[in-house]
Amino acid sequence: MYHGQTTGKGPSHCMQIYQQPPRLLIVHITLPSWADICSNLCEALQNFFSLACNLVGPSRMSLFSLYMVQNQHECILPFVLMKGNFARLQACISELRLLQREGCFRPQGISLQLAVEDGLQQLKQYSRHVTTGAALTYTSLEITVLTSQPGKEVVKQLEEGLKDTDLVRVRRLQVVEITKGVLGCMDSASPVEEPSSDGKN
């Protein structure tokens, strides 16, 4: 695919620019783990945003959104285009750094489910306000839940909480567990574009 060589108009051009589905990152990390993870996560996001916003040519990732789940779910960054929004993405990182790092709280079990549902609703609303061609590329969503809780428990929680939710737009829902600095990854039972090759016991 080469920049500037598309002669067609409308959806075909948009499909070239927006190759990958929007991404939603949900940070589900409780205290006191957040104090240990915050700096590393913010640095990783900083590096990622710098790379994604400065690559030459069409953006491989179209939209990005970020939620934080503590006592309740909170949208830190509504869906924005990666290209041309580095300042806004930087502001998102600054807001993450300011979040409470000390104390004790117990996240409400329903908060994670609400973050997923809210993200889906937000994407639907975003799609209504863009051109028809661009909207065609926002028909699926990839969701990553970054958690300090046991991954299997979070997957069960999501499966139970979202069983009556319309997940037709969810291409992939992935739970990433952070344990003593090591990332463990497991996929939930949400719809995926292609069957997963990972077996489940």
# chains A, B, ... in the order shown; residues from 1 in each chain; ligands from 1

$ residues_around --residues "range 43-55 of chain A" --least-positions-apart "6" --cutoff "12 Å" --atoms "only C-alpha atoms" --output "PDB file with all heavy atoms, in the first residue's frame"
ATOM      1  N   LEU A  25      -8.303   0.349  25.793  1.00  0.00           N
ATOM      2  CA  LEU A  25      -7.491  -0.174  26.895  1.00  0.00           C
ATOM      3  C   LEU A  25      -8.192   0.156  28.205  1.00  0.00           C
ATOM      4  O   LEU A  25      -8.502   1.318  28.478  1.00  0.00           O
ATOM      5  CB  LEU A  25      -6.100   0.459  26.884  1.00  0.00           C
ATOM      6  CG  LEU A  25      -5.175   0.094  28.063  1.00  0.00           C
ATOM      7  CD1 LEU A  25      -4.872  -1.406  28.083  1.00  0.00           C
ATOM      8  CD2 LEU A  25      -3.880   0.899  28.009  1.00  0.00           C
ATOM      9  N   VAL A  27      -7.634  -0.108  32.191  1.00  0.00           N
ATOM     10  CA  VAL A  27      -6.657  -0.342  33.253  1.00  0.00           C
ATOM     11  C   VAL A  27      -7.421  -0.672  34.539  1.00  0.00           C
ATOM     12  O   VAL A  27      -8.144   0.162  35.075  1.00  0.00           O
ATOM     13  CB  VAL A  27      -5.755   0.891  33.460  1.00  0.00           C
ATOM     14  CG1 VAL A  27      -4.732   0.618  34.561  1.00  0.00           C
ATOM     15  CG2 VAL A  27      -5.043   1.247  32.157  1.00  0.00           C
ATOM     16  N   ILE A  37       3.001   0.082  39.503  1.00  0.00           N
ATOM     17  CA  ILE A  37       2.819  -0.121  38.074  1.00  0.00           C
ATOM     18  C   ILE A  37       2.695   1.186  37.305  1.00  0.00           C
ATOM     19  O   ILE A  37       3.070   1.264  36.132  1.00  0.00           O
ATOM     20  CB  ILE A  37       1.563  -1.007  37.838  1.00  0.00           C
ATOM     21  CG1 ILE A  37       1.821  -2.409  38.376  1.00  0.00           C
ATOM     22  CG2 ILE A  37       1.166  -1.047  36.374  1.00  0.00           C
ATOM     23  CD1 ILE A  37       0.593  -3.258  38.461  1.00  0.00           C
ATOM     24  N   MET A  61      -3.215   2.169  13.329  1.00  0.00           N
ATOM     25  CA  MET A  61      -4.286   2.144  14.316  1.00  0.00           C
ATOM     26  C   MET A  61      -5.137   3.394  14.138  1.00  0.00           C
ATOM     27  O   MET A  61      -4.617   4.509  14.109  1.00  0.00           O
ATOM     28  CB  MET A  61      -3.723   2.097  15.743  1.00  0.00           C
ATOM     29  CG  MET A  61      -4.822   2.049  16.807  1.00  0.00           C
ATOM     30  SD  MET A  61      -4.175   2.162  18.489  1.00  0.00           S
ATOM     31  CE  MET A  61      -3.230   0.642  18.571  1.00  0.00           C
ATOM     32  N   SER A  62      -6.430   3.217  14.033  1.00  0.00           N
ATOM     33  CA  SER A  62      -7.296   4.355  13.790  1.00  0.00           C
ATOM     34  C   SER A  62      -7.611   5.111  15.078  1.00  0.00           C
ATOM     35  O   SER A  62      -7.166   6.240  15.284  1.00  0.00           O
ATOM     36  CB  SER A  62      -8.589   3.883  13.124  1.00  0.00           C
ATOM     37  OG  SER A  62      -9.206   2.862  13.904  1.00  0.00           O
ATOM     38  N   LEU A  63      -8.372   4.483  15.960  1.00  0.00           N
ATOM     39  CA  LEU A  63      -8.849   5.142  17.180  1.00  0.00           C
ATOM     40  C   LEU A  63      -8.309   4.457  18.421  1.00  0.00           C
ATOM     41  O   LEU A  63      -8.053   3.251  18.422  1.00  0.00           O
ATOM     42  CB  LEU A  63     -10.381   5.115  17.227  1.00  0.00           C
ATOM     43  CG  LEU A  63     -11.130   5.806  16.094  1.00  0.00           C
ATOM     44  CD1 LEU A  63     -12.622   5.531  16.215  1.00  0.00           C
ATOM     45  CD2 LEU A  63     -10.864   7.294  16.096  1.00  0.00           C
ATOM     46  N   PHE A  64      -8.188   5.242  19.495  1.00  0.00           N
ATOM     47  CA  PHE A  64      -7.728   4.701  20.769  1.00  0.00           C
ATOM     48  C   PHE A  64      -8.510   5.355  21.892  1.00  0.00           C
ATOM     49  O   PHE A  64      -8.782   6.555  21.866  1.00  0.00           O
ATOM     50  CB  PHE A  64      -6.229   4.965  20.960  1.00  0.00           C
ATOM     51  CG  PHE A  64      -5.665   4.413  22.248  1.00  0.00           C
ATOM     52  CD1 PHE A  64      -5.303   3.085  22.354  1.00  0.00           C
ATOM     53  CD2 PHE A  64      -5.529   5.232  23.372  1.00  0.00           C
ATOM     54  CE1 PHE A  64      -4.786   2.569  23.537  1.00  0.00           C
ATOM     55  CE2 PHE A  64      -5.016   4.734  24.556  1.00  0.00           C
ATOM     56  CZ  PHE A  64      -4.641   3.402  24.640  1.00  0.00           C
ATOM     57  N   LEU A  66      -9.079   5.041  26.458  1.00  0.00           N
ATOM     58  CA  LEU A  66      -8.545   4.468  27.688  1.00  0.00           C
ATOM     59  C   LEU A  66      -9.496   4.710  28.858  1.00  0.00           C
ATOM     60  O   LEU A  66      -9.960   5.835  29.065  1.00  0.00           O
ATOM     61  CB  LEU A  66      -7.167   5.056  28.000  1.00  0.00           C
ATOM     62  CG  LEU A  66      -6.379   4.394  29.145  1.00  0.00           C
ATOM     63  CD1 LEU A  66      -4.881   4.432  28.853  1.00  0.00           C
ATOM     64  CD2 LEU A  66      -6.650   5.091  30.483  1.00  0.00           C
ATOM     65  N   VAL A  80     -10.124   8.828  20.218  1.00  0.00           N
ATOM     66  CA  VAL A  80      -9.502   9.873  19.403  1.00  0.00           C
ATOM     67  C   VAL A  80      -8.672   9.210  18.311  1.00  0.00           C
ATOM     68  O   VAL A  80      -8.193   8.085  18.462  1.00  0.00           O
ATOM     69  CB  VAL A  80      -8.586  10.805  20.233  1.00  0.00           C
ATOM     70  CG1 VAL A  80      -9.379  11.576  21.267  1.00  0.00           C
ATOM     71  CG2 VAL A  80      -7.447  10.024  20.871  1.00  0.00           C
ATOM     72  N   LEU A  81      -8.497   9.922  17.206  1.00  0.00           N
ATOM     73  CA  LEU A  81      -7.594   9.464  16.164  1.00  0.00           C
ATOM     74  C   LEU A  81      -6.162   9.561  16.670  1.00  0.00           C
ATOM     75  O   LEU A  81      -5.788  10.536  17.324  1.00  0.00           O
ATOM     76  CB  LEU A  81      -7.757  10.324  14.909  1.00  0.00           C
ATOM     77  CG  LEU A  81      -9.061  10.167  14.126  1.00  0.00           C
ATOM     78  CD1 LEU A  81      -9.180  11.258  13.088  1.00  0.00           C
ATOM     79  CD2 LEU A  81      -9.147   8.798  13.482  1.00  0.00           C
ATOM     80  N   MET A  82      -5.356   8.557  16.396  1.00  0.00           N
ATOM     81  CA  MET A  82      -3.979   8.566  16.852  1.00  0.00           C
ATOM     82  C   MET A  82      -3.169   9.654  16.154  1.00  0.00           C
ATOM     83  O   MET A  82      -2.438  10.405  16.784  1.00  0.00           O
ATOM     84  CB  MET A  82      -3.333   7.206  16.594  1.00  0.00           C
ATOM     85  CG  MET A  82      -3.959   6.055  17.374  1.00  0.00           C
ATOM     86  SD  MET A  82      -3.678   6.189  19.159  1.00  0.00           S
ATOM     87  CE  MET A  82      -1.912   5.886  19.252  1.00  0.00           C
ATOM     88  N   LYS A  83      -3.329   9.763  14.844  1.00  0.00           N
ATOM     89  CA  LYS A  83      -2.572  10.751  14.083  1.00  0.00           C
ATOM     90  C   LYS A  83      -3.032  12.164  14.445  1.00  0.00           C
ATOM     91  O   LYS A  83      -4.217  12.467  14.450  1.00  0.00           O
ATOM     92  CB  LYS A  83      -2.754  10.526  12.581  1.00  0.00           C
ATOM     93  CG  LYS A  83      -1.923   9.397  12.018  1.00  0.00           C
ATOM     94  CD  LYS A  83      -0.454   9.820  11.864  1.00  0.00           C
ATOM     95  CE  LYS A  83       0.335   8.770  11.098  1.00  0.00           C
ATOM     96  NZ  LYS A  83       1.747   9.156  10.933  1.00  0.00           N
ATOM     97  N   GLY A  84      -2.075  13.033  14.737  1.00  0.00           N
ATOM     98  CA  GLY A  84      -2.387  14.428  14.970  1.00  0.00           C
ATOM     99  C   GLY A  84      -2.924  14.763  16.344  1.00  0.00           C
ATOM    100  O   GLY A  84      -3.349  15.892  16.589  1.00  0.00           O
ATOM    101  N   ASN A  85      -2.918  13.799  17.260  1.00  0.00           N
ATOM    102  CA  ASN A  85      -3.465  14.042  18.594  1.00  0.00           C
ATOM    103  C   ASN A  85      -2.455  13.749  19.698  1.00  0.00           C
ATOM    104  O   ASN A  85      -2.829  13.349  20.805  1.00  0.00           O
ATOM    105  CB  ASN A  85      -4.723  13.192  18.817  1.00  0.00           C
ATOM    106  CG  ASN A  85      -5.964  13.862  18.273  1.00  0.00           C
ATOM    107  OD1 ASN A  85      -6.258  15.013  18.584  1.00  0.00           O
ATOM    108  ND2 ASN A  85      -6.704  13.142  17.446  1.00  0.00           N
ATOM    109  N   PHE A  86      -1.174  13.965  19.417  1.00  0.00           N
ATOM    110  CA  PHE A  86      -0.151  13.636  20.406  1.00  0.00           C
ATOM    111  C   PHE A  86      -0.323  14.443  21.698  1.00  0.00           C
ATOM    112  O   PHE A  86      -0.159  13.908  22.796  1.00  0.00           O
ATOM    113  CB  PHE A  86       1.244  13.871  19.836  1.00  0.00           C
ATOM    114  CG  PHE A  86       2.357  13.421  20.752  1.00  0.00           C
ATOM    115  CD1 PHE A  86       2.521  12.071  21.041  1.00  0.00           C
ATOM    116  CD2 PHE A  86       3.227  14.327  21.332  1.00  0.00           C
ATOM    117  CE1 PHE A  86       3.532  11.637  21.882  1.00  0.00           C
ATOM    118  CE2 PHE A  86       4.250  13.899  22.173  1.00  0.00           C
ATOM    119  CZ  PHE A  86       4.396  12.559  22.454  1.00  0.00           C
ATOM    120  N   ALA A  87      -0.690  15.719  21.574  1.00  0.00           N
ATOM    121  CA  ALA A  87      -0.864  16.557  22.767  1.00  0.00           C
ATOM    122  C   ALA A  87      -1.980  16.008  23.657  1.00  0.00           C
ATOM    123  O   ALA A  87      -1.855  15.975  24.890  1.00  0.00           O
ATOM    124  CB  ALA A  87      -1.168  17.996  22.359  1.00  0.00           C
ATOM    125  N   ARG A  88      -3.064  15.558  23.052  1.00  0.00           N
ATOM    126  CA  ARG A  88      -4.176  15.012  23.832  1.00  0.00           C
ATOM    127  C   ARG A  88      -3.794  13.683  24.483  1.00  0.00           C
ATOM    128  O   ARG A  88      -4.182  13.386  25.608  1.00  0.00           O
ATOM    129  CB  ARG A  88      -5.391  14.834  22.920  1.00  0.00           C
ATOM    130  CG  ARG A  88      -6.670  14.536  23.682  1.00  0.00           C
ATOM    131  CD  ARG A  88      -7.873  14.621  22.782  1.00  0.00           C
ATOM    132  NE  ARG A  88      -9.104  14.420  23.537  1.00  0.00           N
ATOM    133  CZ  ARG A  88     -10.303  14.364  22.980  1.00  0.00           C
ATOM    134  NH1 ARG A  88     -10.422  14.520  21.673  1.00  0.00           N
ATOM    135  NH2 ARG A  88     -11.373  14.155  23.723  1.00  0.00           N
ATOM    136  N   LEU A  89      -3.025  12.876  23.766  1.00  0.00           N
ATOM    137  CA  LEU A  89      -2.562  11.608  24.315  1.00  0.00           C
ATOM    138  C   LEU A  89      -1.602  11.847  25.479  1.00  0.00           C
ATOM    139  O   LEU A  89      -1.614  11.122  26.481  1.00  0.00           O
ATOM    140  CB  LEU A  89      -1.891  10.782  23.222  1.00  0.00           C
ATOM    141  CG  LEU A  89      -2.810  10.323  22.076  1.00  0.00           C
ATOM    142  CD1 LEU A  89      -2.002   9.791  20.914  1.00  0.00           C
ATOM    143  CD2 LEU A  89      -3.804   9.286  22.561  1.00  0.00           C
ATOM    144  N   GLN A  90      -0.779  12.885  25.369  1.00  0.00           N
ATOM    145  CA  GLN A  90       0.121  13.265  26.454  1.00  0.00           C
ATOM    146  C   GLN A  90      -0.666  13.675  27.694  1.00  0.00           C
ATOM    147  O   GLN A  90      -0.299  13.348  28.830  1.00  0.00           O
ATOM    148  CB  GLN A  90       1.022  14.418  26.008  1.00  0.00           C
ATOM    149  CG  GLN A  90       2.132  14.010  25.066  1.00  0.00           C
ATOM    150  CD  GLN A  90       3.258  13.292  25.798  1.00  0.00           C
ATOM    151  OE1 GLN A  90       3.252  12.072  25.926  1.00  0.00           O
ATOM    152  NE2 GLN A  90       4.208  14.045  26.304  1.00  0.00           N
ATOM    153  N   ALA A  91      -1.751  14.410  27.481  1.00  0.00           N
ATOM    154  CA  ALA A  91      -2.597  14.836  28.593  1.00  0.00           C
ATOM    155  C   ALA A  91      -3.217  13.639  29.304  1.00  0.00           C
ATOM    156  O   ALA A  91      -3.389  13.638  30.531  1.00  0.00           O
ATOM    157  CB  ALA A  91      -3.693  15.774  28.082  1.00  0.00           C
ATOM    158  N   CYS A  92      -3.531  12.588  28.535  1.00  0.00           N
ATOM    159  CA  CYS A  92      -4.068  11.348  29.111  1.00  0.00           C
ATOM    160  C   CYS A  92      -3.047  10.717  30.050  1.00  0.00           C
ATOM    161  O   CYS A  92      -3.397  10.276  31.155  1.00  0.00           O
ATOM    162  CB  CYS A  92      -4.443  10.390  27.980  1.00  0.00           C
ATOM    163  SG  CYS A  92      -4.649   8.668  28.465  1.00  0.00           S
ATOM    164  N   ILE A  93      -1.783  10.685  29.637  1.00  0.00           N
ATOM    165  CA  ILE A  93      -0.729  10.129  30.476  1.00  0.00           C
ATOM    166  C   ILE A  93      -0.559  10.953  31.749  1.00  0.00           C
ATOM    167  O   ILE A  93      -0.418  10.408  32.853  1.00  0.00           O
ATOM    168  CB  ILE A  93       0.595  10.056  29.699  1.00  0.00           C
ATOM    169  CG1 ILE A  93       0.473   9.068  28.533  1.00  0.00           C
ATOM    170  CG2 ILE A  93       1.748   9.647  30.622  1.00  0.00           C
ATOM    171  CD1 ILE A  93       1.690   9.026  27.641  1.00  0.00           C
ATOM    172  N   SER A  94      -0.614  12.263  31.617  1.00  0.00           N
ATOM    173  CA  SER A  94      -0.494  13.135  32.787  1.00  0.00           C
ATOM    174  C   SER A  94      -1.617  12.881  33.781  1.00  0.00           C
ATOM    175  O   SER A  94      -1.399  12.884  35.001  1.00  0.00           O
ATOM    176  CB  SER A  94      -0.519  14.607  32.347  1.00  0.00           C
ATOM    177  OG  SER A  94       0.582  14.904  31.518  1.00  0.00           O
ATOM    178  N   LEU A  96      -3.232  10.046  34.174  1.00  0.00           N
ATOM    179  CA  LEU A  96      -2.955   8.758  34.811  1.00  0.00           C
ATOM    180  C   LEU A  96      -1.962   8.916  35.961  1.00  0.00           C
ATOM    181  O   LEU A  96      -2.119   8.316  37.030  1.00  0.00           O
ATOM    182  CB  LEU A  96      -2.393   7.771  33.793  1.00  0.00           C
ATOM    183  CG  LEU A  96      -3.366   7.005  32.909  1.00  0.00           C
ATOM    184  CD1 LEU A  96      -2.608   6.108  31.947  1.00  0.00           C
ATOM    185  CD2 LEU A  96      -4.342   6.181  33.744  1.00  0.00           C
ATOM    186  N   ARG A  97      -0.944   9.727  35.754  1.00  0.00           N
ATOM    187  CA  ARG A  97       0.079   9.923  36.780  1.00  0.00           C
ATOM    188  C   ARG A  97      -0.483  10.573  38.040  1.00  0.00           C
ATOM    189  O   ARG A  97       0.064  10.406  39.129  1.00  0.00           O
ATOM    190  CB  ARG A  97       1.224  10.788  36.232  1.00  0.00           C
ATOM    191  CG  ARG A  97       2.050  10.118  35.147  1.00  0.00           C
ATOM    192  CD  ARG A  97       3.235  10.985  34.775  1.00  0.00           C
ATOM    193  NE  ARG A  97       3.957  10.499  33.610  1.00  0.00           N
ATOM    194  CZ  ARG A  97       4.866   9.522  33.648  1.00  0.00           C
ATOM    195  NH1 ARG A  97       5.158   8.942  34.796  1.00  0.00           N
ATOM    196  NH2 ARG A  97       5.482   9.135  32.540  1.00  0.00           N
TER     197      ARG A  97
END

$ decode --residues "range 29-53 of chain A" --atoms "N, CA and C atoms" --output "PDB file, in the first residue's frame"
ATOM      1  N   ILE A  29      -6.328  -1.895  37.800  1.00  0.00           N
ATOM      2  CA  ILE A  29      -5.236  -2.202  38.726  1.00  0.00           C
ATOM      3  C   ILE A  29      -5.521  -1.559  40.071  1.00  0.00           C
ATOM      4  N   THR A  30      -5.650  -2.367  41.096  1.00  0.00           N
ATOM      5  CA  THR A  30      -6.045  -1.879  42.405  1.00  0.00           C
ATOM      6  C   THR A  30      -4.839  -1.401  43.210  1.00  0.00           C
ATOM      7  N   LEU A  31      -5.148  -0.612  44.234  1.00  0.00           N
ATOM      8  CA  LEU A  31      -4.115  -0.237  45.196  1.00  0.00           C
ATOM      9  C   LEU A  31      -3.804  -1.446  46.072  1.00  0.00           C
ATOM     10  N   PRO A  32      -2.572  -1.606  46.559  1.00  0.00           N
ATOM     11  CA  PRO A  32      -1.419  -0.723  46.343  1.00  0.00           C
ATOM     12  C   PRO A  32      -0.636  -1.027  45.065  1.00  0.00           C
ATOM     13  N   SER A  33      -1.109  -1.973  44.238  1.00  0.00           N
ATOM     14  CA  SER A  33      -0.374  -2.342  43.027  1.00  0.00           C
ATOM     15  C   SER A  33      -0.178  -1.170  42.082  1.00  0.00           C
ATOM     16  N   TRP A  34      -1.134  -0.261  42.055  1.00  0.00           N
ATOM     17  CA  TRP A  34      -1.067   0.855  41.125  1.00  0.00           C
ATOM     18  C   TRP A  34       0.186   1.702  41.334  1.00  0.00           C
ATOM     19  N   ALA A  35       0.592   1.884  42.591  1.00  0.00           N
ATOM     20  CA  ALA A  35       1.783   2.683  42.887  1.00  0.00           C
ATOM     21  C   ALA A  35       3.025   2.081  42.233  1.00  0.00           C
ATOM     22  N   ASP A  36       3.088   0.759  42.159  1.00  0.00           N
ATOM     23  CA  ASP A  36       4.252   0.080  41.580  1.00  0.00           C
ATOM     24  C   ASP A  36       4.195   0.053  40.050  1.00  0.00           C
ATOM     25  N   ILE A  37       3.001   0.082  39.503  1.00  0.00           N
ATOM     26  CA  ILE A  37       2.819  -0.121  38.074  1.00  0.00           C
ATOM     27  C   ILE A  37       2.695   1.186  37.305  1.00  0.00           C
ATOM     28  N   CYS A  38       2.198   2.225  37.960  1.00  0.00           N
ATOM     29  CA  CYS A  38       1.854   3.481  37.281  1.00  0.00           C
ATOM     30  C   CYS A  38       2.997   4.024  36.420  1.00  0.00           C
ATOM     31  N   SER A  39       4.180   4.174  36.997  1.00  0.00           N
ATOM     32  CA  SER A  39       5.293   4.782  36.263  1.00  0.00           C
ATOM     33  C   SER A  39       5.666   3.977  35.019  1.00  0.00           C
ATOM     34  N   ASN A  40       5.750   2.653  35.170  1.00  0.00           N
ATOM     35  CA  ASN A  40       6.111   1.804  34.028  1.00  0.00           C
ATOM     36  C   ASN A  40       5.044   1.842  32.936  1.00  0.00           C
ATOM     37  N   LEU A  41       3.772   1.820  33.357  1.00  0.00           N
ATOM     38  CA  LEU A  41       2.695   1.871  32.383  1.00  0.00           C
ATOM     39  C   LEU A  41       2.700   3.197  31.629  1.00  0.00           C
ATOM     40  N   CYS A  42       2.858   4.297  32.360  1.00  0.00           N
ATOM     41  CA  CYS A  42       2.872   5.614  31.717  1.00  0.00           C
ATOM     42  C   CYS A  42       4.050   5.754  30.757  1.00  0.00           C
ATOM     43  N   GLU A  43       5.190   5.209  31.135  1.00  0.00           N
ATOM     44  CA  GLU A  43       6.351   5.257  30.251  1.00  0.00           C
ATOM     45  C   GLU A  43       6.107   4.435  28.985  1.00  0.00           C
ATOM     46  N   ALA A  44       5.489   3.268  29.154  1.00  0.00           N
ATOM     47  CA  ALA A  44       5.184   2.420  28.001  1.00  0.00           C
ATOM     48  C   ALA A  44       4.201   3.117  27.060  1.00  0.00           C
ATOM     49  N   LEU A  45       3.174   3.759  27.631  1.00  0.00           N
ATOM     50  CA  LEU A  45       2.204   4.479  26.811  1.00  0.00           C
ATOM     51  C   LEU A  45       2.862   5.664  26.109  1.00  0.00           C
ATOM     52  N   GLN A  46       3.751   6.348  26.827  1.00  0.00           N
ATOM     53  CA  GLN A  46       4.478   7.469  26.233  1.00  0.00           C
ATOM     54  C   GLN A  46       5.252   7.022  24.994  1.00  0.00           C
ATOM     55  N   ASN A  47       5.965   5.910  25.118  1.00  0.00           N
ATOM     56  CA  ASN A  47       6.742   5.389  23.993  1.00  0.00           C
ATOM     57  C   ASN A  47       5.837   4.961  22.841  1.00  0.00           C
ATOM     58  N   PHE A  48       4.746   4.311  23.191  1.00  0.00           N
ATOM     59  CA  PHE A  48       3.807   3.837  22.179  1.00  0.00           C
ATOM     60  C   PHE A  48       3.182   5.006  21.417  1.00  0.00           C
ATOM     61  N   PHE A  49       2.706   6.009  22.155  1.00  0.00           N
ATOM     62  CA  PHE A  49       2.085   7.169  21.512  1.00  0.00           C
ATOM     63  C   PHE A  49       3.080   7.918  20.634  1.00  0.00           C
ATOM     64  N   SER A  50       4.312   8.052  21.113  1.00  0.00           N
ATOM     65  CA  SER A  50       5.335   8.744  20.333  1.00  0.00           C
ATOM     66  C   SER A  50       5.567   8.046  19.007  1.00  0.00           C
ATOM     67  N   LEU A  51       5.624   6.717  19.053  1.00  0.00           N
ATOM     68  CA  LEU A  51       5.846   5.941  17.831  1.00  0.00           C
ATOM     69  C   LEU A  51       4.638   6.012  16.907  1.00  0.00           C
ATOM     70  N   ALA A  52       3.450   5.794  17.479  1.00  0.00           N
ATOM     71  CA  ALA A  52       2.230   5.746  16.665  1.00  0.00           C
ATOM     72  C   ALA A  52       1.922   7.083  16.004  1.00  0.00           C
ATOM     73  N   CYS A  53       2.255   8.174  16.676  1.00  0.00           N
ATOM     74  CA  CYS A  53       1.921   9.497  16.151  1.00  0.00           C
ATOM     75  C   CYS A  53       2.963  10.038  15.185  1.00  0.00           C
TER      76      CYS A  53
END
